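Participant: To start, I am sharing the structure in question, which I have written as structure tokens.
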Amino acid sequence: MRLEALARAAIADALARLSFPAPSGEIPLERPEKAEYGDISSRIAFLLAKELRRPPQEIAQDLAVAVSHPDIAAAEAVGGFLNLQVRPEALRRILREVIAEGERYGEWDLGGGKPFQVEFVSSNPTGPLTVGHGRQAALGDALANLFSALGWDVTREYYLNDEGRQIELLARSLWVRYRQALGEDVSVPEQGYHGDYLVPIGKELAWEWGNRYPEWTPEAAEVFRRVAVERMMAMIHEDLAAIGVSFDVWSREGDLHRRGLVREVFESLREKGAVYEKDGAYWMRSTAYGLARDPVLIRSDGTPTYLMVDIAYHVDKYRRGFARVVDVQGADHIEEQQQVKLALRILGYPEDFLHYCVHQFVTLKGREGIERMSTRKGRFLRLKDLIDELGRDVVRYFMVRRKPEAHLVFDMELAKKTSMENPVYYVQYAHTRIASIFREAEKNGELPRDFGTRHASWVAEMDLSPLADPDELTLIKELDRFPDVVRKAAESYGPHLLCEYLEELAGIFHPYYNRVRVLGQGKATPARLALLHALRTVLRKGLSLLGVSAPEVM
RNA sequence: GCGCCCGUAGCUCAGCAGGAUAGAGCAGCGGCUUCCUAAGCCGCAGGUCGGAGGUUCGAGUCCUCCCGGGCGUACCA
């Protein structure tokens with residue numbers, strides 16, 4: 001039984017003993033920051049104060065006296081809080097459970113295997129991925145991992161917008177580069193894509209095709225559109241490979257049109273009375289539902305807007321059977337999101353179907369000139385270049401270390417450091433140190449046979465009684481928290497919580513490592529190895545949820 | 001103007017769905033290495049939680065207003 005379950009049982013029992021009413025919800029529990037407040041504490045007395053018409057401290061006092069549980073060593077009332085101290089044996093039993101669960105420790109069965117989609121990156125094929133997309137890639141992938149750990153059947157999806165005006169501009173810009181390579185004096189259109197990345201492609205095409213497309217004709221447009229998208233997709237695939245993210249489904253805007261879904265969804269909205277006509281275009285009546293403005297759904301030339309397609313796309317997601325969908329998007333899409341959510345509400349889809357994980361932008365500290373990035377203006381740092389310089393692990397870790405809704409200042413100086421000042425190495429090095437101890441133990445013959453197996457007998461027979469050092473018990477309490485951290489990180493769309501947890505775990509381990517020897521300590525050695533084995537498993541699991549490696553050697 | 005987000009130590013940020021004396025890392029200062037990797041460890045110092053009201057036994061956390069910053073406010077995506 002884990003710590004919280006144990007505490008709840010003890011408190012529930014004390015409540016019953018005193019004939020106090022049970023609280024309406026769960027018994028509240030928290031992990032006190034200070035050791036003097038015990039291992040786990042509850043503010044239950046504050047909740048009962050009103051009903052019992054007595055001061056919290058008195059109630060807590062009564063509860064402290066009434067608590068009688070074999071695993072609770074002491075109960076104390078302080079300032080209305082009920083602080084519980086757990087017996088070391090109970091903590092060692094928890095460690096046993098952690099080890100028994102092995103690699104699965106930290107996972108839940110909350111999703112029931114239901115289909116869950118994370119849509120992320122979905123960058124238009126108009127250029128390589130920038131460091132901004134990197135945040136989205138790292139975030140989306142971590143969320144996908146987290147929801148898998150919660151027991152959902154997760155699909156990673158990339159929505160590919162390969163039509164429309166932006167692609168037109170891209171094709172035109174590439175054509176200009178092609179003409180320039182042939183010596184012609186033309187320039188990229190004002191609204192076009194000015195990045196250098198089109199230059200070498202233009203040269204290649206000039207070399208390959210010669211003067212085949214001297215004018216910007218519909219035929220040329222068609223060809224350059226196709227080639228441009230192809231080449232951009234190739235770059236994006238390279239970037240995704242660099243950061244180590246792969247998608248299960250690539251959906252294309254064009255498919256939605258071909259299947260007639262856009263038209264159909266538009267008609268449904270019209271039937272609901274949510275659409276009106278003005279200036280030859282069709283508008284959604286969003287202001288009637290409290291939004292700031294009415295957006296156009298169908299332009300006066302009869303083509304649907306991006307929003308209209310996006311609404312249809314989400315209807316499609318629902319029909320494809322996803323129980324829940326999370327879109328990871330930048331803060332510049334907030335209005336869009338409100339409009340899509342409204343449309344789905346009007347169409348009668350469940351409120352909790354679609355969620356957005358909105359993130360703010362990334363700025364690089366220590367690089368001049370690219371504070372504010374723009375693919376179109378060609379002012380950006382390519383994600384792949386950053387990864388080549390710093391390594392995948394550093395980039396991924398830094399990208400998810402801050403809560404998504406806050407701006408991320410990417411500290412190049414810190415990221416470049418290979419010392420443990422760099423938080424990702426600090427965590428990874430904890431894992432490496434443990435791996436090193438195990439290598440040494442094996443060499444010395446100090447590693448018990450079958451160590452680390454999940455055989456029930458092995459787990460049950462371990463003698464953990466030598467684990468009595470305060471740091472050892474603290475480590476067990478921290479390991480006990482892990483599943484809750486995983487759950488919270490997923491449900492609040494906040495992988496940074498996992499970073500924080502891992503850094504805290506490493507922060508307890510490193511001093512312990514420095515102070516306490518593991519090998520050559522008689523009976524303490526196998527017990528400490530057992531603790532480190534569990535710690536290593538959790539570090540590895542936590543890092544892997546973030547898409548970061550757990551190296552054996554550094 | 002309106003919508004969303006952010007404002008916590010010199011810097012970068014946490015703060016567990018309202019709880020205990022507000023935490024961490026970096027930078028600063030002082031100490032530690034015959035030993036499983038010093039890519040380290042220990043200690044010190046550092047704060048009107050942007051401001052003002054309000055709700056509450058209790059507010060960094062919730063509400064209102066104000067100030068500062070970001071993003072959006074397209075028949076672009």
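Chains: A, B, ... in order of the structure tokens. Residues: from 1 per chain. Ligands: from 1, in order shown.
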Near A:Val245, within 12 Å and counting only C-alpha atoms (C1' of nucleotides), which residues show up once chain neighbours fewer than 6 positions away are dropped, as a ChimeraX atom specification?
Facilitator: /A:120-121,133-142,144-145,156-158,236-239,392,396,546-548
Participant: Those residues with C-alpha atoms, as a PDB file, in the first residue's frame please?
Facilitator:
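Output file result27.pdb follows:
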```
ATOM      1  CA  PHE A 120       1.365  18.619 -32.540  1.00  0.00           C
ATOM      2  CA  VAL A 121       3.969  20.402 -34.624  1.00  0.00           C
ATOM      3  CA  HIS A 133       8.571  24.084 -33.309  1.00  0.00           C
ATOM      4  CA  GLY A 134      11.094  22.271 -31.175  1.00  0.00           C
ATOM      5  CA  ARG A 135       9.235  23.245 -28.062  1.00  0.00           C
ATOM      6  CA  GLN A 136       6.082  21.918 -29.583  1.00  0.00           C
ATOM      7  CA  ALA A 137       7.710  18.692 -30.698  1.00  0.00           C
ATOM      8  CA  ALA A 138       9.207  18.045 -27.273  1.00  0.00           C
ATOM      9  CA  LEU A 139       6.008  19.016 -25.511  1.00  0.00           C
ATOM     10  CA  GLY A 140       3.680  17.001 -27.714  1.00  0.00           C
ATOM     11  CA  ASP A 141       5.830  13.921 -27.588  1.00  0.00           C
ATOM     12  CA  ALA A 142       6.157  14.099 -23.815  1.00  0.00           C
ATOM     13  CA  ALA A 144       1.844  11.539 -25.748  1.00  0.00           C
ATOM     14  CA  ASN A 145       4.180   9.463 -23.584  1.00  0.00           C
ATOM     15  CA  ARG A 156       0.558  11.092 -32.553  1.00  0.00           C
ATOM     16  CA  GLU A 157      -0.772  13.108 -35.438  1.00  0.00           C
ATOM     17  CA  TYR A 158       0.662  15.766 -37.728  1.00  0.00           C
ATOM     18  CA  ILE A 236      10.902  18.662 -41.738  1.00  0.00           C
ATOM     19  CA  HIS A 237      11.443  14.922 -41.621  1.00  0.00           C
ATOM     20  CA  GLU A 238      15.136  15.514 -41.032  1.00  0.00           C
ATOM     21  CA  ASP A 239      14.328  17.898 -38.201  1.00  0.00           C
ATOM     22  CA  ARG A 392      18.956  15.937 -28.501  1.00  0.00           C
ATOM     23  CA  ARG A 396      14.287  18.205 -25.392  1.00  0.00           C
ATOM     24  CA  LEU A 546      10.306  13.155 -21.525  1.00  0.00           C
ATOM     25  CA  GLY A 547      11.985  11.523 -24.493  1.00  0.00           C
ATOM     26  CA  VAL A 548      15.397  11.900 -22.889  1.00  0.00           C
TER      27      VAL A 548
END
```
Participant: Using only C-alpha atoms (C1' of nucleotides), which residues sit within 10 Å of A:Glu351 once same-chain residues fewer than 5 positions away are excluded, as an mmCIF file with C-alpha atoms, in the first residue's frame?
Facilitator:
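Just written: around-v3.cif:
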```cif
data_model
loop_
_atom_site.group_PDB
_atom_site.id
_atom_site.type_symbol
_atom_site.label_atom_id
_atom_site.label_comp_id
_atom_site.auth_asym_id
_atom_site.auth_seq_id
_atom_site.Cartn_x
_atom_site.Cartn_y
_atom_site.Cartn_z
ATOM 1 C CA LYS A 341 -14.442 24.920 -29.639
ATOM 2 C CA LEU A 342 -17.510 27.058 -30.150
ATOM 3 C CA LEU A 344 -18.026 21.957 -31.924
ATOM 4 C CA ARG A 345 -20.298 23.043 -29.109
#
```
Participant: Write out as a VMD selection string all residues of stretch 430-536 of chain A that DSSP puts in alpha helix (DSSP H) for this structure's backbone.
Facilitator: chain A and resid 430 to 444 456 to 461 470 to 491 496 to 515 524 to 536
Participant: Of the candidates B:U55, B:U61, B:U34, B:U73, which one gets nearest to chain A if we count only C-alpha atoms (C1' of nucleotides)?
Facilitator: B:U73
Participant: Would you kindly report the residues of chain A within 7 Å of chain B, using only C-alpha atoms (C1' of nucleotides), as a PyMOL selection string?
Facilitator: chain A and resi 166+281+292+296+299-300+306+331-332+334-335+405-406+418-420+436-437+440+511+514+518-519
Participant: Could you name the residues that touch A:Val538 at 8 Å or less, counting only C-alpha atoms (C1' of nucleotides), but leaving out those on the same chain fewer than 2 positions away, as JSON, numbers by chain?
Facilitator: {"A": [103, 105, 106, 479, 482, 534, 535, 536, 540, 541, 542]}
Participant: Using N, CA, C and O atoms, can you export the residues from the last selection as a PDB file, in the first residue's frame?
Facilitator:
```pdb
ATOM      1  N   GLU A 103       9.498  -1.881 -14.414  1.00  0.00           N
ATOM      2  CA  GLU A 103       9.431  -0.823 -15.415  1.00  0.00           C
ATOM      3  C   GLU A 103       8.043  -0.206 -15.519  1.00  0.00           C
ATOM      4  O   GLU A 103       7.882   0.881 -16.059  1.00  0.00           O
ATOM      5  N   TYR A 105       6.237   0.708 -13.056  1.00  0.00           N
ATOM      6  CA  TYR A 105       5.937   1.591 -11.931  1.00  0.00           C
ATOM      7  C   TYR A 105       5.763   3.021 -12.420  1.00  0.00           C
ATOM      8  O   TYR A 105       6.592   3.535 -13.173  1.00  0.00           O
ATOM      9  N   GLY A 106       4.676   3.650 -11.991  1.00  0.00           N
ATOM     10  CA  GLY A 106       4.377   5.003 -12.442  1.00  0.00           C
ATOM     11  C   GLY A 106       3.233   5.036 -13.440  1.00  0.00           C
ATOM     12  O   GLY A 106       2.679   6.080 -13.731  1.00  0.00           O
ATOM     13  N   LEU A 479      10.164   8.236  -4.160  1.00  0.00           N
ATOM     14  CA  LEU A 479       9.798   7.224  -5.161  1.00  0.00           C
ATOM     15  C   LEU A 479       8.298   6.955  -5.091  1.00  0.00           C
ATOM     16  O   LEU A 479       7.641   6.760  -6.112  1.00  0.00           O
ATOM     17  N   PHE A 482       6.120   9.184  -7.276  1.00  0.00           N
ATOM     18  CA  PHE A 482       6.290   9.187  -8.726  1.00  0.00           C
ATOM     19  C   PHE A 482       4.998   9.016  -9.539  1.00  0.00           C
ATOM     20  O   PHE A 482       4.726   9.817 -10.445  1.00  0.00           O
ATOM     21  N   ALA A 534      15.650   0.636  -7.551  1.00  0.00           N
ATOM     22  CA  ALA A 534      14.336   1.285  -7.714  1.00  0.00           C
ATOM     23  C   ALA A 534      14.515   2.717  -8.206  1.00  0.00           C
ATOM     24  O   ALA A 534      13.792   3.180  -9.099  1.00  0.00           O
ATOM     25  N   LEU A 535      15.488   3.387  -7.641  1.00  0.00           N
ATOM     26  CA  LEU A 535      15.747   4.772  -8.037  1.00  0.00           C
ATOM     27  C   LEU A 535      16.137   4.849  -9.512  1.00  0.00           C
ATOM     28  O   LEU A 535      15.652   5.696 -10.261  1.00  0.00           O
ATOM     29  N   ARG A 536      16.987   3.930  -9.910  1.00  0.00           N
ATOM     30  CA  ARG A 536      17.408   3.895 -11.302  1.00  0.00           C
ATOM     31  C   ARG A 536      16.213   3.660 -12.228  1.00  0.00           C
ATOM     32  O   ARG A 536      16.083   4.297 -13.272  1.00  0.00           O
ATOM     33  N   ARG A 540      15.027   6.365 -15.010  1.00  0.00           N
ATOM     34  CA  ARG A 540      14.979   5.957 -16.407  1.00  0.00           C
ATOM     35  C   ARG A 540      13.574   6.170 -16.980  1.00  0.00           C
ATOM     36  O   ARG A 540      13.397   6.695 -18.068  1.00  0.00           O
ATOM     37  N   LYS A 541      12.592   5.758 -16.188  1.00  0.00           N
ATOM     38  CA  LYS A 541      11.203   5.910 -16.640  1.00  0.00           C
ATOM     39  C   LYS A 541      10.835   7.383 -16.818  1.00  0.00           C
ATOM     40  O   LYS A 541      10.226   7.763 -17.819  1.00  0.00           O
ATOM     41  N   GLY A 542      11.206   8.171 -15.842  1.00  0.00           N
ATOM     42  CA  GLY A 542      10.888   9.593 -15.901  1.00  0.00           C
ATOM     43  C   GLY A 542      11.534  10.255 -17.109  1.00  0.00           C
ATOM     44  O   GLY A 542      10.898  11.007 -17.840  1.00  0.00           O
TER      45      GLY A 542
END
```
Participant: Name the residues in contact with A:Phe81 at a cut-off of 9 Å, using only C-alpha atoms (C1' of nucleotides), excluding same-chain residues fewer than 5 positions from it; report them as a PyMOL selection string.
Facilitator: (chain A and resi 37+41-46+56-57+60-61+76) or (chain B and resi 20)
Participant: Restricting the calculation to only C-alpha atoms (C1' of nucleotides), which member of B:A38, B:A27, B:G47, B:A22 is positioned closest to B:G10?
Facilitator: B:A27
Participant: What gap, in Å, lies between atom CA of A:Asp411 and atom CA of A:Lys365?
Facilitator: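 These two atoms are separated by 5.0 Å.
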Participant: Pick out the residues sitting within 8 Å of A:Tyr159, and hand them over as a PyMOL selection string; count only C-alpha atoms (C1' of nucleotides), and ignore anything fewer than 4 positions along from it in its own chain.
Facilitator: chain A and resi 119-120+122-123+250-253
Participant: For those residues, write N, CA and C atoms to a file as a CSV table (one decimal), in the first residue's frame.
Facilitator:
```
chain,number,residue,atom,x,y,z
A,119,GLU,N,-2.2,16.0,-31.3
A,119,GLU,CA,-1.8,16.6,-32.5
A,119,GLU,C,-0.8,17.7,-32.2
A,120,PHE,N,0.4,17.6,-32.8
A,120,PHE,CA,1.4,18.6,-32.5
A,120,PHE,C,2.3,18.8,-33.7
A,122,SER,N,2.5,20.0,-36.6
A,122,SER,CA,1.6,20.5,-37.7
A,122,SER,C,2.1,21.8,-38.3
A,123,SER,N,3.4,21.9,-38.5
A,123,SER,CA,3.9,23.1,-39.1
A,123,SER,C,3.7,23.0,-40.6
A,250,TRP,N,-0.2,11.1,-40.5
A,250,TRP,CA,-0.1,12.4,-41.2
A,250,TRP,C,-1.4,12.6,-41.9
A,251,SER,N,-2.1,13.6,-41.5
A,251,SER,CA,-3.3,13.9,-42.2
A,251,SER,C,-3.2,15.1,-43.0
A,252,ARG,N,-3.8,15.1,-44.2
A,252,ARG,CA,-3.6,16.2,-45.1
A,252,ARG,C,-5.0,17.0,-45.3
A,253,GLU,N,-4.8,18.3,-45.4
A,253,GLU,CA,-6.0,19.1,-45.6
A,253,GLU,C,-6.8,18.7,-46.8
```
Participant: Find the residues near A:Leu198: any atom within 10 Å, counting only C-alpha atoms (C1' of nucleotides), skip ones fewer than 3 places away on the same chain, and give them as a list of chain:residue names.
Facilitator: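 Surrounding residues, per the criterion: A:Thr126, A:Gly127, A:Leu170, A:Ala171, A:Ser173, A:Leu174, A:Trp175, A:Val176, A:Arg177, A:Tyr178, A:Tyr193, A:His194, A:Gly195, A:Ile201, A:Gly202, A:Lys203, A:Ala228, A:Arg231, A:Met232, A:Gly378.
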Participant: Could you tell me which of B:G7, B:G1, B:G18, B:G43 comes closest to B:U56 if we count only C-alpha atoms (C1' of nucleotides)?
Facilitator: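 Distance minimum relative to B:U56 lands on B:G18.
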Participant: Please indicate the distance in Å from atom CA of A:Arg481 to atom CA of A:Gly113, rounded to one decimal place.
Facilitator: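 Result for atom CA of A:Arg481 versus atom CA of A:Gly113: 23.6 Å, one decimal.
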Participant: Quick one: everything within 12 Å of B:G51, counting only C-alpha atoms (C1' of nucleotides), minus sequence neighbours fewer than 3 positions away in the same chain. Send it as number ranges by chain.
Facilitator: B: 7, 48, 65-68
Participant: Mind pulling up the distance from atom CA of A:Tyr349 to atom CA of A:Tyr289?
Facilitator: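 These atoms are spaced 16.0 Å apart.
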Participant: Going by DSSP on the backbone, which bits of stretch 397-462 of chain A are strand (DSSP E)? Write them as a PyMOL selection string, please.
Facilitator: chain A and resi 408-411
